[in-house]
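Novice: Structure supplied as my_file13.txt; contents: compact mmCIF, C-alpha atoms.
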# COMPACT_ATOMS: atom_id res chain seq x y z
CA MET A 1 -25.22 14.26 100.26
CA GLN A 2 -22.27 11.85 100.18
CA ASN A 3 -22.62 8.14 100.80
CA GLU A 4 -20.19 5.86 102.60
CA LEU A 5 -17.52 4.25 100.42
CA PHE A 6 -15.57 1.00 100.79
CA GLU A 7 -12.87 0.51 98.16
CA GLY A 8 -9.91 -1.68 97.40
CA GLU A 9 -8.67 -5.04 98.64
CA LYS A 10 -10.53 -4.90 101.95
CA ALA A 11 -13.86 -3.67 100.60
CA ILE A 12 -15.60 -7.05 100.92
CA SER A 13 -14.45 -7.66 104.50
CA GLN A 14 -15.59 -4.13 105.34
CA LEU A 15 -18.96 -4.94 103.78
CA ALA A 16 -19.24 -8.07 105.93
CA ASP A 17 -18.44 -6.06 109.06
CA GLU A 18 -21.03 -3.42 108.12
CA LEU A 19 -23.78 -5.99 107.59
CA HIS A 20 -22.98 -7.80 110.83
CA ARG A 21 -22.97 -4.53 112.73
CA GLU A 22 -26.17 -3.09 111.29
CA PHE A 23 -28.38 -6.10 110.51
CA PRO A 24 -29.17 -9.30 112.41
CA LYS A 25 -28.56 -12.62 110.65
CA ASP A 26 -32.21 -13.24 109.90
CA SER A 27 -32.44 -10.01 107.87
CA LYS A 28 -33.96 -10.33 104.41
CA ILE A 29 -31.85 -8.94 101.56
CA ALA A 30 -33.36 -8.04 98.19
CA LEU A 31 -30.47 -8.82 95.85
CA PHE A 32 -30.71 -7.06 92.47
CA THR A 33 -28.34 -8.60 89.93
CA GLY A 34 -27.86 -9.10 86.20
CA ASN A 35 -26.76 -12.09 84.15
CA SER A 36 -23.13 -11.00 84.42
CA PHE A 37 -23.17 -11.63 88.16
CA TYR A 38 -24.15 -15.27 87.69
CA ARG A 39 -21.23 -15.75 85.29
CA ASN A 40 -18.77 -13.90 87.51
CA PRO A 41 -16.27 -16.25 89.18
CA GLU A 42 -15.90 -13.81 92.08
CA LYS A 43 -19.58 -14.03 93.01
CA GLN A 44 -18.87 -16.75 95.58
CA LYS A 45 -17.03 -14.29 97.80
CA ILE A 46 -20.07 -12.03 97.76
CA LEU A 47 -22.37 -14.93 98.56
CA GLU A 48 -20.14 -15.91 101.49
CA VAL A 49 -20.67 -12.43 102.95
CA LEU A 50 -24.43 -12.92 102.61
CA ASP A 51 -24.35 -16.41 104.12
CA GLY A 52 -26.71 -16.59 107.07
CA TYR A 53 -28.93 -13.81 105.80
CA LYS A 54 -32.01 -14.39 103.68
CA PRO A 55 -31.28 -13.09 100.19
CA GLN A 56 -33.83 -13.29 97.42
CA TYR A 57 -32.80 -12.48 93.85
CA HIS A 58 -34.38 -10.09 91.39
CA LEU A 59 -32.83 -10.51 87.95
CA CYS A 60 -32.56 -7.27 85.97
CA SER A 61 -32.33 -6.81 82.22
CA SER A 62 -30.31 -4.08 80.55
CA ASN A 63 -31.90 -0.67 79.91
CA PRO A 64 -34.93 -1.15 82.20
CA ASP A 65 -38.19 0.66 81.45
CA LEU A 66 -41.07 1.74 83.67
CA LYS A 67 -42.66 -1.70 83.34
CA ALA A 68 -39.48 -3.21 84.78
CA VAL A 69 -39.67 -0.71 87.66
CA GLU A 70 -43.25 -1.78 88.33
CA GLY A 71 -42.20 -5.44 88.43
CA ALA A 72 -39.32 -4.66 90.80
CA VAL A 73 -41.63 -2.76 93.16
CA LYS A 74 -44.03 -5.72 93.23
CA PHE A 75 -41.11 -7.99 94.08
CA LEU A 76 -40.09 -5.74 96.98
CA ARG A 77 -43.63 -5.57 98.33
CA ARG A 78 -44.02 -9.36 98.24
CA PHE A 79 -40.63 -10.04 99.80
CA ASN A 80 -40.68 -7.19 102.33
CA PRO A 81 -36.87 -7.03 102.75
CA ASN A 82 -34.85 -5.24 105.40
CA LEU A 83 -32.33 -3.88 102.92
CA ILE A 84 -31.38 -3.83 99.24
CA VAL A 85 -28.08 -4.87 97.66
CA ALA A 86 -27.60 -4.12 93.94
CA ILE A 87 -24.65 -5.79 92.20
CA GLY A 88 -24.14 -4.97 88.54
CA GLY A 89 -23.74 -2.25 85.97
CA GLY A 90 -25.69 0.96 85.68
CA SER A 91 -28.93 -0.73 84.59
CA VAL A 92 -29.06 -3.01 87.64
CA ILE A 93 -28.27 -0.29 90.15
CA ASP A 94 -30.57 2.27 88.52
CA LEU A 95 -33.52 -0.15 88.52
CA ALA A 96 -32.97 -0.95 92.20
CA LYS A 97 -32.72 2.75 93.04
CA ALA A 98 -36.02 3.52 91.31
CA ALA A 99 -37.83 0.53 92.84
CA ASN A 100 -36.61 1.45 96.31
CA ALA A 101 -37.88 5.01 95.86
CA PHE A 102 -41.35 3.89 94.73
CA LEU A 103 -41.53 1.40 97.59
CA ALA A 104 -41.09 4.26 100.05
CA ASN A 105 -43.28 6.67 98.06
CA PRO A 106 -46.36 4.75 96.78
CA GLN A 107 -47.78 6.43 93.67
CA GLU A 108 -48.35 5.85 89.98
CA ILE A 109 -45.13 4.65 88.40
CA SER A 110 -44.41 7.36 85.86
CA SER A 111 -41.61 9.68 84.79
CA ASN A 112 -43.28 12.52 86.72
CA ALA A 113 -43.00 10.83 90.12
CA GLN A 114 -41.71 12.78 93.12
CA PHE A 115 -39.97 11.23 96.11
CA SER A 116 -40.17 12.79 99.57
CA SER A 117 -39.29 9.76 101.73
CA LYS A 118 -36.09 7.74 101.78
CA GLY A 119 -36.30 4.03 101.02
CA LEU A 120 -34.62 0.99 102.54
CA TYR A 121 -30.93 0.88 103.38
CA PHE A 122 -29.25 0.50 100.00
CA ILE A 123 -25.84 -0.97 99.10
CA ALA A 124 -24.55 -0.52 95.53
CA ILE A 125 -21.72 -2.73 94.24
CA PRO A 126 -20.77 -1.82 90.65
CA THR A 127 -19.36 -4.46 88.31
CA THR A 128 -18.44 -1.88 85.65
CA ALA A 129 -16.38 1.30 85.88
CA GLY A 130 -18.62 3.71 84.04
CA SER A 131 -21.68 5.63 85.15
CA GLY A 132 -20.76 6.17 88.80
CA THR A 133 -24.43 5.59 89.61
CA GLU A 134 -23.40 4.14 92.98
CA VAL A 135 -22.88 7.74 94.14
CA THR A 136 -25.37 9.79 92.09
CA PRO A 137 -28.94 11.02 92.73
CA PHE A 138 -30.00 9.75 89.29
CA SER A 139 -31.81 6.69 88.02
CA SER A 140 -31.95 6.41 84.21
CA ILE A 141 -34.98 4.51 82.96
CA LYS A 142 -36.70 3.99 79.60
CA ASN A 143 -40.13 5.53 79.23
CA LYS A 144 -43.34 3.66 78.47
CA ASP A 145 -42.63 3.88 74.74
CA GLY A 146 -39.58 1.66 75.28
CA ILE A 147 -37.43 4.09 73.28
CA THR A 148 -36.86 7.41 75.02
CA LYS A 149 -34.89 7.56 78.24
CA PHE A 150 -35.24 9.91 81.19
CA SER A 151 -33.74 10.19 84.65
CA PHE A 152 -35.36 10.38 88.05
CA VAL A 153 -33.39 13.01 89.97
CA ASN A 154 -33.61 13.07 93.74
CA GLU A 155 -31.11 13.09 96.60
CA ARG A 156 -33.01 10.18 98.17
CA LEU A 157 -31.87 7.96 95.31
CA ILE A 158 -28.23 8.06 96.45
CA PRO A 159 -27.25 4.66 97.87
CA ASP A 160 -26.23 4.54 101.53
CA LEU A 161 -23.06 2.57 100.80
CA ALA A 162 -20.95 2.05 97.68
CA VAL A 163 -18.55 -0.90 97.52
CA LEU A 164 -15.80 -0.66 94.89
CA TRP A 165 -14.21 -4.11 94.74
CA TYR A 166 -12.08 -4.53 91.64
CA PRO A 167 -12.17 -8.37 91.24
CA LEU A 168 -15.78 -8.06 90.09
CA THR A 169 -14.52 -6.20 86.99
CA PHE A 170 -11.89 -8.77 85.95
CA THR A 171 -14.27 -10.58 83.58
CA LEU A 172 -15.71 -7.44 81.98
CA PRO A 173 -15.22 -8.00 78.22
CA PRO A 174 -12.84 -5.64 76.36
CA TYR A 175 -15.55 -3.67 74.53
CA GLU A 176 -17.56 -3.16 77.73
CA THR A 177 -14.36 -2.17 79.54
CA ALA A 178 -13.74 0.41 76.82
CA ILE A 179 -17.20 1.95 76.55
CA THR A 180 -17.90 2.10 80.28
CA GLY A 181 -14.53 3.76 80.78
CA LEU A 182 -15.28 6.21 77.97
CA ASP A 183 -18.64 6.97 79.59
CA ALA A 184 -16.82 7.93 82.79
CA LEU A 185 -14.31 9.97 80.80
CA THR A 186 -17.02 11.84 78.89
CA GLN A 187 -18.87 12.58 82.12
CA ALA A 188 -15.69 13.92 83.69
CA VAL A 189 -14.85 16.15 80.71
CA GLU A 190 -18.40 17.46 80.37
CA THR A 191 -18.68 18.25 84.07
CA TYR A 192 -15.43 20.23 83.84
CA TRP A 193 -16.86 22.60 81.22
CA SER A 194 -20.46 22.45 82.51
CA LYS A 195 -22.23 25.72 83.32
CA ASN A 196 -22.92 24.25 86.78
CA ALA A 197 -19.28 23.37 87.46
CA THR A 198 -17.72 24.50 90.72
CA GLU A 199 -14.10 24.40 91.78
CA HIS A 200 -14.93 21.28 93.78
CA THR A 201 -16.53 19.46 90.82
CA LYS A 202 -13.66 20.51 88.55
CA GLU A 203 -11.19 18.90 90.93
CA LEU A 204 -13.29 15.71 90.94
CA SER A 205 -13.44 15.80 87.13
CA LEU A 206 -9.69 16.22 86.80
CA LYS A 207 -9.02 13.35 89.21
CA GLY A 208 -11.28 11.11 87.16
CA ILE A 209 -9.78 12.17 83.82
CA ARG A 210 -6.19 11.59 84.95
CA LEU A 211 -7.03 8.15 86.32
CA ILE A 212 -8.80 7.15 83.12
CA MET A 213 -6.09 8.42 80.81
CA ASN A 214 -3.49 6.51 82.85
CA ASN A 215 -5.43 3.27 83.39
CA LEU A 216 -8.13 2.59 80.79
CA GLN A 217 -5.86 1.18 78.10
CA THR A 218 -4.13 -1.02 80.68
CA ALA A 219 -7.47 -2.38 81.95
CA PHE A 220 -8.47 -2.98 78.32
CA LYS A 221 -5.28 -4.90 77.46
CA GLU A 222 -4.66 -6.52 80.86
CA PRO A 223 -8.12 -7.29 82.28
CA ARG A 224 -6.78 -8.77 85.52
CA ASN A 225 -4.51 -5.83 86.33
CA LYS A 226 -5.56 -5.00 89.89
CA GLU A 227 -4.28 -1.44 89.98
CA ALA A 228 -5.84 -0.46 86.65
CA ARG A 229 -9.20 -2.02 87.52
CA GLN A 230 -9.37 -0.36 90.94
CA ASN A 231 -8.30 3.00 89.52
CA MET A 232 -11.02 2.79 86.89
CA LEU A 233 -13.63 2.15 89.60
CA LEU A 234 -12.34 5.19 91.48
CA ALA A 235 -12.36 7.28 88.29
CA ALA A 236 -15.99 6.39 87.60
CA ASN A 237 -16.85 7.26 91.19
CA PHE A 238 -15.15 10.66 90.88
CA SER A 239 -17.04 11.37 87.66
CA GLY A 240 -20.27 10.27 89.36
CA GLN A 241 -19.65 12.68 92.22
CA ALA A 242 -19.02 15.44 89.69
CA ILE A 243 -22.17 14.88 87.61
CA ALA A 244 -24.26 14.72 90.79
CA ILE A 245 -23.60 18.45 91.09
CA ALA A 246 -22.52 19.79 87.70
CA ARG A 247 -24.56 17.54 85.37
CA THR A 248 -23.62 16.54 81.81
CA THR A 249 -23.94 18.61 78.64
CA ILE A 250 -24.28 18.35 74.87
CA CYS A 251 -22.47 15.02 74.32
CA HIS A 252 -24.96 13.26 76.55
CA SER A 253 -27.86 15.16 74.99
CA VAL A 254 -27.11 14.00 71.46
CA SER A 255 -26.27 10.47 72.64
CA TYR A 256 -29.88 9.65 73.56
CA PRO A 257 -31.23 9.28 69.99
CA LEU A 258 -28.00 7.52 68.99
CA THR A 259 -28.72 4.89 71.63
CA SER A 260 -32.52 4.70 71.50
CA ARG A 261 -32.89 4.85 67.71
CA PHE A 262 -29.69 3.19 66.49
CA ASN A 263 -28.76 0.89 69.40
CA ILE A 264 -25.30 2.37 69.93
CA PRO A 265 -24.38 1.55 73.55
CA HIS A 266 -24.46 4.56 75.86
CA GLY A 267 -20.73 4.86 76.59
CA HIS A 268 -19.89 4.56 72.90
CA ALA A 269 -22.60 7.07 71.95
CA VAL A 270 -21.53 9.80 74.37
CA PHE A 271 -17.87 9.49 73.32
CA LEU A 272 -18.60 9.80 69.59
CA THR A 273 -19.02 13.59 69.73
CA LEU A 274 -16.68 14.34 72.65
CA PRO A 275 -13.56 15.25 70.61
CA SER A 276 -15.58 17.52 68.31
CA PHE A 277 -17.35 19.30 71.14
CA LEU A 278 -14.07 19.74 73.00
CA GLU A 279 -12.88 21.75 70.01
CA PHE A 280 -16.26 23.51 69.76
CA ASN A 281 -16.05 24.61 73.41
CA ALA A 282 -12.44 25.81 73.12
CA SER A 283 -13.52 29.46 72.92
CA HIS A 284 -14.95 29.13 76.42
CA LEU A 285 -12.28 26.83 77.83
CA ASP A 286 -9.33 28.96 76.69
CA ASN A 287 -10.55 31.74 78.99
CA ASN A 288 -11.91 29.56 81.81
CA GLY A 289 -9.21 27.19 83.03
CA GLY A 290 -9.06 25.03 79.94
CA GLU A 291 -5.32 24.50 80.35
CA ARG A 292 -6.01 22.27 83.38
CA LEU A 293 -8.35 20.11 81.31
CA TYR A 294 -5.93 19.97 78.39
CA GLU A 295 -3.10 18.97 80.74
CA ALA A 296 -5.19 16.15 82.23
CA LEU A 297 -5.80 14.92 78.68
CA GLY A 298 -2.05 14.98 78.01
CA SER A 299 -1.96 18.07 75.82
CA LYS A 300 -1.47 21.84 75.69
CA ASN A 301 -4.55 23.01 73.79
CA ALA A 302 -8.00 21.92 72.66
CA LYS A 303 -6.87 20.66 69.25
CA GLN A 304 -4.21 18.41 70.78
CA ALA A 305 -6.62 17.22 73.48
CA ALA A 306 -9.23 16.29 70.87
CA SER A 307 -6.56 14.44 68.89
CA ASN A 308 -5.53 12.51 72.03
CA LEU A 309 -9.16 11.51 72.61
CA ARG A 310 -9.47 10.26 69.04
CA ASP A 311 -6.24 8.29 69.46
CA LEU A 312 -7.60 6.78 72.67
CA GLY A 313 -10.75 5.67 70.90
CA ARG A 314 -8.72 4.06 68.10
CA ASN A 315 -6.46 2.28 70.58
CA LEU A 316 -9.57 0.82 72.23
CA GLY A 317 -11.04 -0.30 68.91
CA ILE A 318 -13.96 2.13 69.14
CA GLU A 319 -15.67 2.87 65.81
CA SER A 320 -15.79 6.64 65.33
CA ARG A 321 -17.71 6.96 62.04
CA LEU A 322 -21.50 7.11 62.19
CA SER A 323 -21.79 5.53 58.74
CA ASN A 324 -20.02 2.43 60.02
CA LEU A 325 -22.53 2.26 62.88
CA GLY A 326 -25.56 2.06 60.60
CA ILE A 327 -26.34 5.78 60.40
CA SER A 328 -26.78 7.44 57.00
CA VAL A 329 -27.07 11.08 55.97
CA GLU A 330 -30.84 10.58 55.77
CA ASP A 331 -30.86 9.80 59.53
CA ILE A 332 -29.22 13.06 60.58
CA PRO A 333 -32.49 15.09 60.75
CA LEU A 334 -33.93 12.54 63.20
CA ILE A 335 -30.89 12.96 65.44
CA LEU A 336 -31.12 16.74 65.18
CA ASP A 337 -34.80 16.65 66.14
CA ASN A 338 -34.18 14.43 69.17
CA GLY A 339 -30.70 15.46 70.26
CA PHE A 340 -31.47 18.61 72.23
CA ARG A 341 -32.41 17.65 75.76
CA PRO A 342 -32.82 21.05 77.48
CA ASP A 343 -31.36 19.78 80.78
CA ARG A 344 -28.22 18.61 78.96
CA ALA A 345 -27.74 20.81 75.88
CA GLY A 346 -28.64 23.94 77.86
CA ASN A 347 -25.84 23.15 80.29
CA ASN A 348 -23.15 23.43 77.61
CA PRO A 349 -20.99 26.56 78.09
CA VAL A 350 -21.30 27.55 74.40
CA THR A 351 -24.75 27.60 72.83
CA VAL A 352 -25.20 24.78 70.33
CA THR A 353 -27.58 25.36 67.42
CA LYS A 354 -29.02 22.75 65.09
CA GLU A 355 -26.59 24.00 62.46
CA ASP A 356 -23.68 23.48 64.88
CA LEU A 357 -24.81 19.96 65.72
CA ASN A 358 -25.34 19.16 62.05
CA THR A 359 -21.74 20.24 61.37
CA VAL A 360 -20.44 17.99 64.16
CA LEU A 361 -22.49 15.00 63.01
CA MET A 362 -21.56 15.42 59.35
CA GLY A 363 -17.93 15.66 60.42
CA ILE A 364 -18.06 12.16 61.91
CA LEU A 365 -20.43 10.61 59.38
What does the file become when written as structure tokens?

Specialist:
Amino acid sequence: MQNELFEGEKAISQLADELHREFPKDSKIALFTGNSFYRNPEKQKILEVLDGYKPQYHLCSSNPDLKAVEGAVKFLRRFNPNLIVAIGGGSVIDLAKAANAFLANPQEISSNAQFSSKGLYFIAIPTTAGSGTEVTPFSSIKNKDGITKFSFVNERLIPDLAVLWYPLTFTLPPYETAITGLDALTQAVETYWSKNATEHTKELSLKGIRLIMNNLQTAFKEPRNKEARQNMLLAANFSGQAIAIARTTICHSVSYPLTSRFNIPHGHAVFLTLPSFLEFNASHLDNNGGERLYEALGSKNAKQAASNLRDLGRNLGIESRLSNLGISVEDIPLILDNGFRPDRAGNNPVTVTKEDLNTVLMGIL
């Protein structure tokens, strides 16, 4: 299932036309946002599009849990909107996706929920270029323990419309620009080597990788560069389309305890092991189209590609040593015990053992 996409300079005027065509002026809009939207100087242009409608805000925090989903569902039931608009990063859009699904499928709010009915018309407007959640069937939420994370997976979670409008990313701070871009890059690389990869998803992955390698450093250094910002939004969207089919692998699997136990932001956490696992997977890649991946990463082989990734991280100021991120050798067993998500680690093309993961982690300690 593919949603409709508006992107570029005219995306906001296209959004206005879509709303006017599909919804009368007295329509009620549930507007999911985060704090970054209130600080965004471009928000006025969004509000002008919504002028005449009846928006009501639901403010979202980062890394929402099931309790936050419950609160969002209560908000939707009280307000009874005609449609949902989510403007923000992955946390904002994922929370809105989950709440919309539970609104249409009343049941206990738990990680085991199943969705058979589609929710309200849903518009996703990302303010970061990272997860690509505006096009995926996933909603990542923290469990009731407030630590572990899981994903709802259902085609009915895919938004009806994605709006990629680059001015909303102009004020994204440098570190957030870097780690959201590295999240998209890691997704694109992992989906290329994923067991579930198809020729179609590989093409999407390569498009995303090339855009990121050519634009991320520019967006980092020149935050108001229109071309770089729009290309990063497109890259994240391509990687989102790819993971919707091929799914992620071992880098994402081991990232979950790094984030939940040591508070390393998601995009930073997934990138930490990417160069090492690129080299680890070389035995598979060298016989399965790896040269296309290496070329997209500006190299001729896995070793050079991994070196280019490490250089990219350094150029973006990304800390690569676990010890400098508050992780000691005594913490490694905890990561090993919690770093093997079957749906992620089992999707890696080369089997990863605890000994293999220990070697990777000790190599970046």

Novice: In Å, how far is it from CA of Asp311 (chain A) to CA of Ser323 (chain A)?

Specialist: 19.1 Å

Novice: What is the distance between CA of Val92 (chain A) and CA of Gly34 (chain A), in Å to one decimal?

Specialist: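 Result for CA of Val92 (chain A) versus CA of Gly34 (chain A): 6.4 Å, one decimal.
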
Novice: Rounded to one decimal in Å, what is the spacing between CA of Lys142 (chain A) and CA of Glu176 (chain A)?

Specialist: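 Taking CA of Lys142 (chain A) as the start and CA of Glu176 (chain A) as the end point, the length is 20.5 Å.
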
Novice: Name the closest residue to Asn35 (chain A) among the candidates A:Lys195, A:Arg210, A:His58, A:Arg77; distances are taken between atoms, counting all atoms listed in the file.

Specialist: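 Nearest candidate to Asn35 (chain A) out of A:Lys195, A:Arg210, A:His58, A:Arg77: A:His58.
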
Novice: Which residue out of A:Gln114, A:Gln56, A:Ser62, A:Gln241 has the minimum interatomic distance to Pro137 (chain A) when all atoms listed in the file are used?

Specialist: A:Gln241

Novice: For Ala296 (chain A), work out the shell of residues within 10 Å, counting only C-alpha atoms and skipping chain neighbours fewer than 2 positions away, then give it as a list in words.

Specialist: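 Residues meeting the cut-off are Val189, Ser205, Leu206, Lys207, Gly208, Ile209, Arg210, Leu211, Ile212, Met213, Asn214, Gly290, Glu291, Arg292, Leu293, Tyr294, Gly298, Ser299, Lys300 and Ala305 of chain A.
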
Novice: Contacts of Asn63 (chain A) at 9 Å or less, counting only C-alpha atoms, minus same-chain residues fewer than 4 places along, as an mmCIF file with C-alpha atoms, in the coordinates of the input?

Specialist:
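Contents of part_9.cif, freshly written:
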data_model
loop_
_atom_site.group_PDB
_atom_site.id
_atom_site.type_symbol
_atom_site.label_atom_id
_atom_site.label_comp_id
_atom_site.auth_asym_id
_atom_site.auth_seq_id
_atom_site.Cartn_x
_atom_site.Cartn_y
_atom_site.Cartn_z
ATOM 1 C CA GLY A 90 -25.690 0.960 85.680
ATOM 2 C CA SER A 91 -28.930 -0.730 84.590
ATOM 3 C CA VAL A 92 -29.060 -3.010 87.640
ATOM 4 C CA LEU A 95 -33.520 -0.150 88.520
ATOM 5 C CA SER A 140 -31.950 6.410 84.210
ATOM 6 C CA ILE A 141 -34.980 4.510 82.960
ATOM 7 C CA LYS A 142 -36.700 3.990 79.600
ATOM 8 C CA LYS A 149 -34.890 7.560 78.240
#

Novice: Using only C-alpha atoms, which of the listed residues (A:Phe152, A:Gly119, A:Leu47, A:Asn358) sits closest to Val329 (chain A)?

Specialist: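 Ranking A:Phe152, A:Gly119, A:Leu47, A:Asn358 by distance to Val329 (chain A), first place goes to A:Asn358.
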
Novice: Given the choices A:His268, A:Arg314, A:Arg344, A:Lys303, which gets closest to Ser253 (chain A) if the distance is worked out from only C-alpha atoms?

Specialist: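 Once distances to Ser253 (chain A) are computed over only C-alpha atoms, the minimum belongs to A:Arg344.
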
Novice: Report as a ChimeraX atom specification all protein, DNA and RNA residues lying within 9 Å of region 153-157 of chain A, evaluated on all atoms listed in the file, omitting residues in the same chain fewer than 3 positions from it.

Specialist: /A:1,94,97-98,100-101,114-119,136-140
